[in-house]
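Trainee: Can you read through this structure? Questions will come right after.
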Protein chains: 2
Amino acid sequence: MLEKLSASKSEILDAAAWCFMTLGCDTASIDDIARHLGSTKGRIYHHFPSKGALLSAVQLRAARFTYQAVAPVADASESPDVCLHRMSETHVMEVLRTLPYHKVVLQSYASVTPKSPTEMEQDLLIQLRKEQRCYAQLFLRVIEAGMVQGCFKPQDDARVSMASVLTLLNAPLFWYQIRPDQSESFDRMVIDQLADMAVASLR
Amino acid sequence: MLEKLSASKSEILDAAAWCFMTLGCDTASIDDIARHLGSTKGRIYHHFPSKGALLSAVQLRAARFTYQAVAPVADASESPDVCLHRMSETHVMEVLRTLPYHKVVLQSYASVTPKSPTEMEQDLLIQLRKEQRCYAQLFLRVIEAGMVQGCFKPQDDARVSMASVLTLLNAPLFWYQIRPDQSESFDRMVIDQLADMAVASLR
DNA sequence: TCACAAACAGACTAGCGAGTATGTTTTTCA
DNA sequence: TGAAAAACATACTCGCTAGTCTGTTTGTGA
């Protein structure tokens, strides 16, 4: 779960996430990423066996960013609505901090069927789905607890509620722009408003 | 706004939307779409000048599907929360009905920068953004009205609320699967639940 | 300091896919 | 009914990119 990655590898992932975000996962070429690094493809293919593996590594890292941030604040002994509110704040905060990674995940969420996936790339995809499910469970548990305890309105399918809430919390991926004038107050406003909406949507 | 399109052109758009959805906008080739139609690229290039134009046409049609469905029920003389609830129901219903088109929009929402856009493709993109903004205005107006009248909680930026609500209503794009056993009741459940959540998230 | 491996650079190939150019069929209409 | 245009089919080109192969540099440990 926590394989440490070298500085060079991490740098490559950052560049890949950035290029995938701005150009699109398929449009961005390995040469684009290498150029953005100020080096050549030799460096990339030395660390990653294929483009698909590189893409999966970016997505995997995105999932782990949010998991490592949110898991510590998912305290089951607390009131579910309070707990969900802090989880939501933390999630949005982390998404804004590591935006390129999550925009890549967003892109590849739509088209689920790669054309000719390698055996190993298939395994990476399975691993990715597993960790994503694991992360979603954090939210599902607190939402179900809230429905049982009565602070959330009971629904036919709590998984629909969970998925919808997570989508709501990821809404900034569609319109948030990284600007030079990183207005701290704007971020704070977005975080608060989305967390409020997430909790309110379940009442 | 309402250019009638021939039966053949419409059929091509359906096939393109399907292939773009299942294979991805960039992965799906013109030959893939032609094969799915039981014909060859000649037919497609006779109706559309380029792949980018075809993609834009799909996205434009998606925007018009929802607009034509929702605009009639956006009654400003009504209570904003009631109005938003019916708009939300209608939106989700239409999205589920024309799912492939909207999944294509979802995909191309992430990567905003095509590599070398033609002059004409640029114009199509501008036209598309304009109609999308126009559709979003329908929701923005009723949300702002609700905040003024007091049935919605006032926020710093109503546009953030609007964008988040629309994202929430599009949540099925991430997990809804077209199945042979189109359970009508499941659709109804999803529609109701999402519309409820959308209105509740603003209180 | 020397061997050896890791970490790259640079040139090359092979295949895929967008777009084109031209032929063929079908429809339309005068 | 005949000619012209629309609606396709087929064969081809050409650029781009993933992946490879072979050199070259930089650390690293004995």
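Ordering of the structure tokens sets the chain letters (A, B, ...), residue numbers begin anew at 1 in every chain, and ligands are numbered from 1 in the order given.
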Tell me, counting only C-alpha atoms (C1' of nucleotides), for each residue of chain C within 10 Å of chain B, which pair of atoms is nearest and how far apart they are in Å to one decimal, in rows ordered by chain and increasing number, as a Markdown table.
Mentor:
```
| residue | atom | partner | partner_atom | distance |
| --- | --- | --- | --- | --- |
| C:DC16 | C1' | B:Ser29 | CA | 9.9 |
| C:DG17 | C1' | B:Ser29 | CA | 6.8 |
| C:DA18 | C1' | B:Lys51 | CA | 8.0 |
| C:DG19 | C1' | B:Ser50 | CA | 8.1 |
```
Trainee: Please produce an output containing N, CA and C atoms (P, O5', C5', C4', C3', O3' and C1' of nucleotides) for each residue in the selection, written as a short mmCIF file (atom, residue, chain, number, x, y, z; two decimals), in the first residue's frame.
Mentor:
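Output saved as selection.cif:
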```cif
data_model
loop_
_atom_site.label_atom_id
_atom_site.label_comp_id
_atom_site.auth_asym_id
_atom_site.auth_seq_id
_atom_site.Cartn_x
_atom_site.Cartn_y
_atom_site.Cartn_z
P DC C 16 -1.80 -1.75 -36.51
"O5'" DC C 16 -2.70 -0.85 -35.56
"C5'" DC C 16 -2.09 -0.08 -34.53
"C4'" DC C 16 -2.46 1.38 -34.69
"C3'" DC C 16 -3.83 1.60 -35.35
"O3'" DC C 16 -4.56 2.53 -34.57
"C1'" DC C 16 -2.20 2.90 -36.43
P DG C 17 -6.18 2.50 -34.54
"O5'" DG C 17 -6.56 3.97 -34.97
"C5'" DG C 17 -5.81 5.06 -34.46
"C4'" DG C 17 -5.84 6.23 -35.42
"C3'" DG C 17 -7.19 6.42 -36.15
"O3'" DG C 17 -7.50 7.79 -36.18
"C1'" DG C 17 -5.45 6.31 -37.70
P DA C 18 -9.04 8.29 -36.32
"O5'" DA C 18 -8.88 9.73 -36.98
"C5'" DA C 18 -7.93 10.63 -36.43
"C4'" DA C 18 -7.39 11.53 -37.53
"C3'" DA C 18 -8.46 12.20 -38.38
"O3'" DA C 18 -8.08 13.56 -38.63
"C1'" DA C 18 -7.05 10.89 -39.76
P DG C 19 -9.17 14.61 -39.12
"O5'" DG C 19 -8.92 14.64 -40.70
"C5'" DG C 19 -7.64 15.02 -41.15
"C4'" DG C 19 -7.42 14.51 -42.56
"C3'" DG C 19 -8.49 14.91 -43.59
"O3'" DG C 19 -7.88 15.76 -44.57
"C1'" DG C 19 -7.79 12.67 -43.87
#
```
Trainee: Tell me as a PyMOL selection string which residues belonging to chain A come within 10 Å of chain B, counting only C-alpha atoms.
Mentor: chain A and resi 19-28+103-115+155-157+160-161+163-175+186+189-190+193-203
Trainee: Please report as a Markdown table every residue of chain D lying within 9 Å of chain A, along with the nearest atom pair and their distance in Å (one decimal), using only C-alpha atoms (C1' of nucleotides).
Mentor:
```
| residue | atom | partner | partner_atom | distance |
| --- | --- | --- | --- | --- |
| D:DT17 | C1' | A:Ser29 | CA | 6.9 |
| D:DA18 | C1' | A:Lys51 | CA | 7.9 |
| D:DG19 | C1' | A:Ser50 | CA | 8.0 |
```
Trainee: List as a tab-separated table (two decimals) with all heavy atoms, in the first residue's frame the protein and nucleic acid residues near DA11 of chain C, meaning an atom at most 10 Å away when only C-alpha atoms (C1' of nucleotides) are counted, but skip any in the same chain fewer than 4 places from it.
Mentor:
```tsv
chain	number	residue	atom	x	y	z
D	21	DC	P	14.55	-4.44	-28.44
D	21	DC	OP1	14.09	-5.82	-28.65
D	21	DC	OP2	14.89	-3.98	-27.08
D	21	DC	O5'	15.79	-4.15	-29.39
D	21	DC	C5'	15.68	-3.14	-30.38
D	21	DC	C4'	16.97	-2.35	-30.47
D	21	DC	O4'	16.75	-1.00	-30.01
D	21	DC	C3'	18.13	-2.90	-29.64
D	21	DC	O3'	19.31	-2.93	-30.43
D	21	DC	C2'	18.25	-1.92	-28.48
D	21	DC	C1'	17.77	-0.63	-29.11
D	21	DC	N1	17.17	0.34	-28.13
D	21	DC	C2	17.41	1.72	-28.27
D	21	DC	O2	18.09	2.12	-29.22
D	21	DC	N3	16.87	2.56	-27.37
D	21	DC	C4	16.13	2.10	-26.36
D	21	DC	N4	15.60	2.98	-25.50
D	21	DC	C5	15.88	0.70	-26.20
D	21	DC	C6	16.41	-0.13	-27.09
D	22	DT	P	20.62	-3.73	-29.86
D	22	DT	OP1	21.02	-4.72	-30.87
D	22	DT	OP2	20.37	-4.15	-28.47
D	22	DT	O5'	21.70	-2.57	-29.84
D	22	DT	C5'	21.66	-1.57	-30.85
D	22	DT	C4'	22.29	-0.29	-30.36
D	22	DT	O4'	21.37	0.41	-29.49
D	22	DT	C3'	23.58	-0.47	-29.55
D	22	DT	O3'	24.58	0.38	-30.08
D	22	DT	C2'	23.17	-0.07	-28.13
D	22	DT	C1'	22.12	0.98	-28.43
D	22	DT	N1	21.21	1.26	-27.29
D	22	DT	C2	21.00	2.58	-26.93
D	22	DT	O2	21.50	3.53	-27.49
D	22	DT	N3	20.15	2.74	-25.85
D	22	DT	C4	19.53	1.74	-25.13
D	22	DT	O4	18.80	2.00	-24.19
D	22	DT	C5	19.80	0.39	-25.56
D	22	DT	C7	19.19	-0.76	-24.84
D	22	DT	C6	20.62	0.22	-26.63
D	23	DG	P	26.06	0.18	-29.57
D	23	DG	OP1	26.94	0.35	-30.76
D	23	DG	OP2	26.14	-1.03	-28.75
D	23	DG	O5'	26.28	1.45	-28.63
D	23	DG	C5'	27.04	2.55	-29.10
D	23	DG	C4'	26.50	3.86	-28.57
D	23	DG	O4'	25.24	3.62	-27.91
D	23	DG	C3'	27.41	4.52	-27.53
D	23	DG	O3'	27.75	5.83	-27.94
D	23	DG	C2'	26.61	4.50	-26.23
D	23	DG	C1'	25.18	4.36	-26.71
D	23	DG	N9	24.35	3.65	-25.75
D	23	DG	C8	24.13	2.29	-25.71
D	23	DG	N7	23.32	1.93	-24.74
D	23	DG	C5	23.01	3.12	-24.10
D	23	DG	C6	22.18	3.37	-22.98
D	23	DG	O6	21.56	2.55	-22.31
D	23	DG	N1	22.14	4.73	-22.67
D	23	DG	C2	22.80	5.72	-23.35
D	23	DG	N2	22.64	6.96	-22.89
D	23	DG	N3	23.56	5.51	-24.40
D	23	DG	C4	23.62	4.19	-24.72
```
Trainee: Quote the spacing between atom CA of Ala71 of chain B and atom CA of Leu99 of chain B in Å to one decimal place.
Mentor: 19.0 Å
Trainee: Show which residues sit within 9 Å of Ala57 of chain A, as a ChimeraX atom specification. Count only C-alpha atoms (C1' of nucleotides), and ignore same-chain residues fewer than 5 positions away.
Mentor: /A:13,52,62,124,128
Trainee: Restricted to C-alpha atoms, what would the selected residues look like written as an mmCIF file, in the first residue's frame?
Mentor:
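Output file selection.cif follows:
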```cif
data_model
loop_
_atom_site.group_PDB
_atom_site.id
_atom_site.type_symbol
_atom_site.label_atom_id
_atom_site.label_comp_id
_atom_site.auth_asym_id
_atom_site.auth_seq_id
_atom_site.Cartn_x
_atom_site.Cartn_y
_atom_site.Cartn_z
ATOM 1 C CA LEU A 13 4.434 11.382 -11.963
ATOM 2 C CA GLY A 52 -0.663 2.617 -19.472
ATOM 3 C CA ALA A 62 -4.557 10.141 -6.563
ATOM 4 C CA LEU A 124 -3.033 -2.405 -12.159
ATOM 5 C CA LEU A 128 -6.847 0.660 -8.558
#
```
Trainee: Here is a test: counting only C-alpha atoms, which residue of A:Asp81, A:Lys4, A:Lys41, A:Arg188 is nearest to Val148 of chain A?
Mentor: A:Asp81
Trainee: Considering only C-alpha atoms (C1' of nucleotides), return as a PyMOL selection string whatever protein or nucleic-acid residues lie within 9 Å of segment 5-10 of chain C, sequence-local ones (same chain, fewer than 3 positions apart) excluded.
Mentor: (chain A and resi 39-43+46) or (chain D and resi 23-28)
Trainee: Could you please determine the separation between atom CA of Gln149 of chain A and atom CA of Ser77 of chain A in Å, to one decimal place?
Mentor: 12.4 Å
Trainee: Excluding Asp192 of chain B and residues on its chain fewer than 5 positions from it, collect all residues at most 9 Å away from it, counting only C-alpha atoms (C1' of nucleotides), and give them as a ChimeraX atom specification.
Mentor: /B:88-89,187,197
Trainee: Using only C-alpha atoms (C1' of nucleotides), find the one residue out of D:DC16, D:DA30, D:DA3, D:DC8 that sits nearest to DG15 of chain C.
Mentor: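 Between D:DC16, D:DA30, D:DA3, D:DC8, the residue approaching DG15 of chain C most closely is D:DC16.
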Trainee: Could you find all residues in segment 24-197 of chain B that DSSP calls helix (DSSP H, G or I) from the backbone, and write them as an MDAnalysis selection string?
Mentor: chainID B and resid 30:37 41:47 51:73 80:97 99:110 119:149 158:169 172:175 184:197
Trainee: What does the distance between atom CA of Gln137 of chain A and atom CA of Ala76 of chain A come to in Å, to one decimal place?
Mentor: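 Atom CA of Ala76 of chain A lies 12.5 Å from atom CA of Gln137 of chain A.
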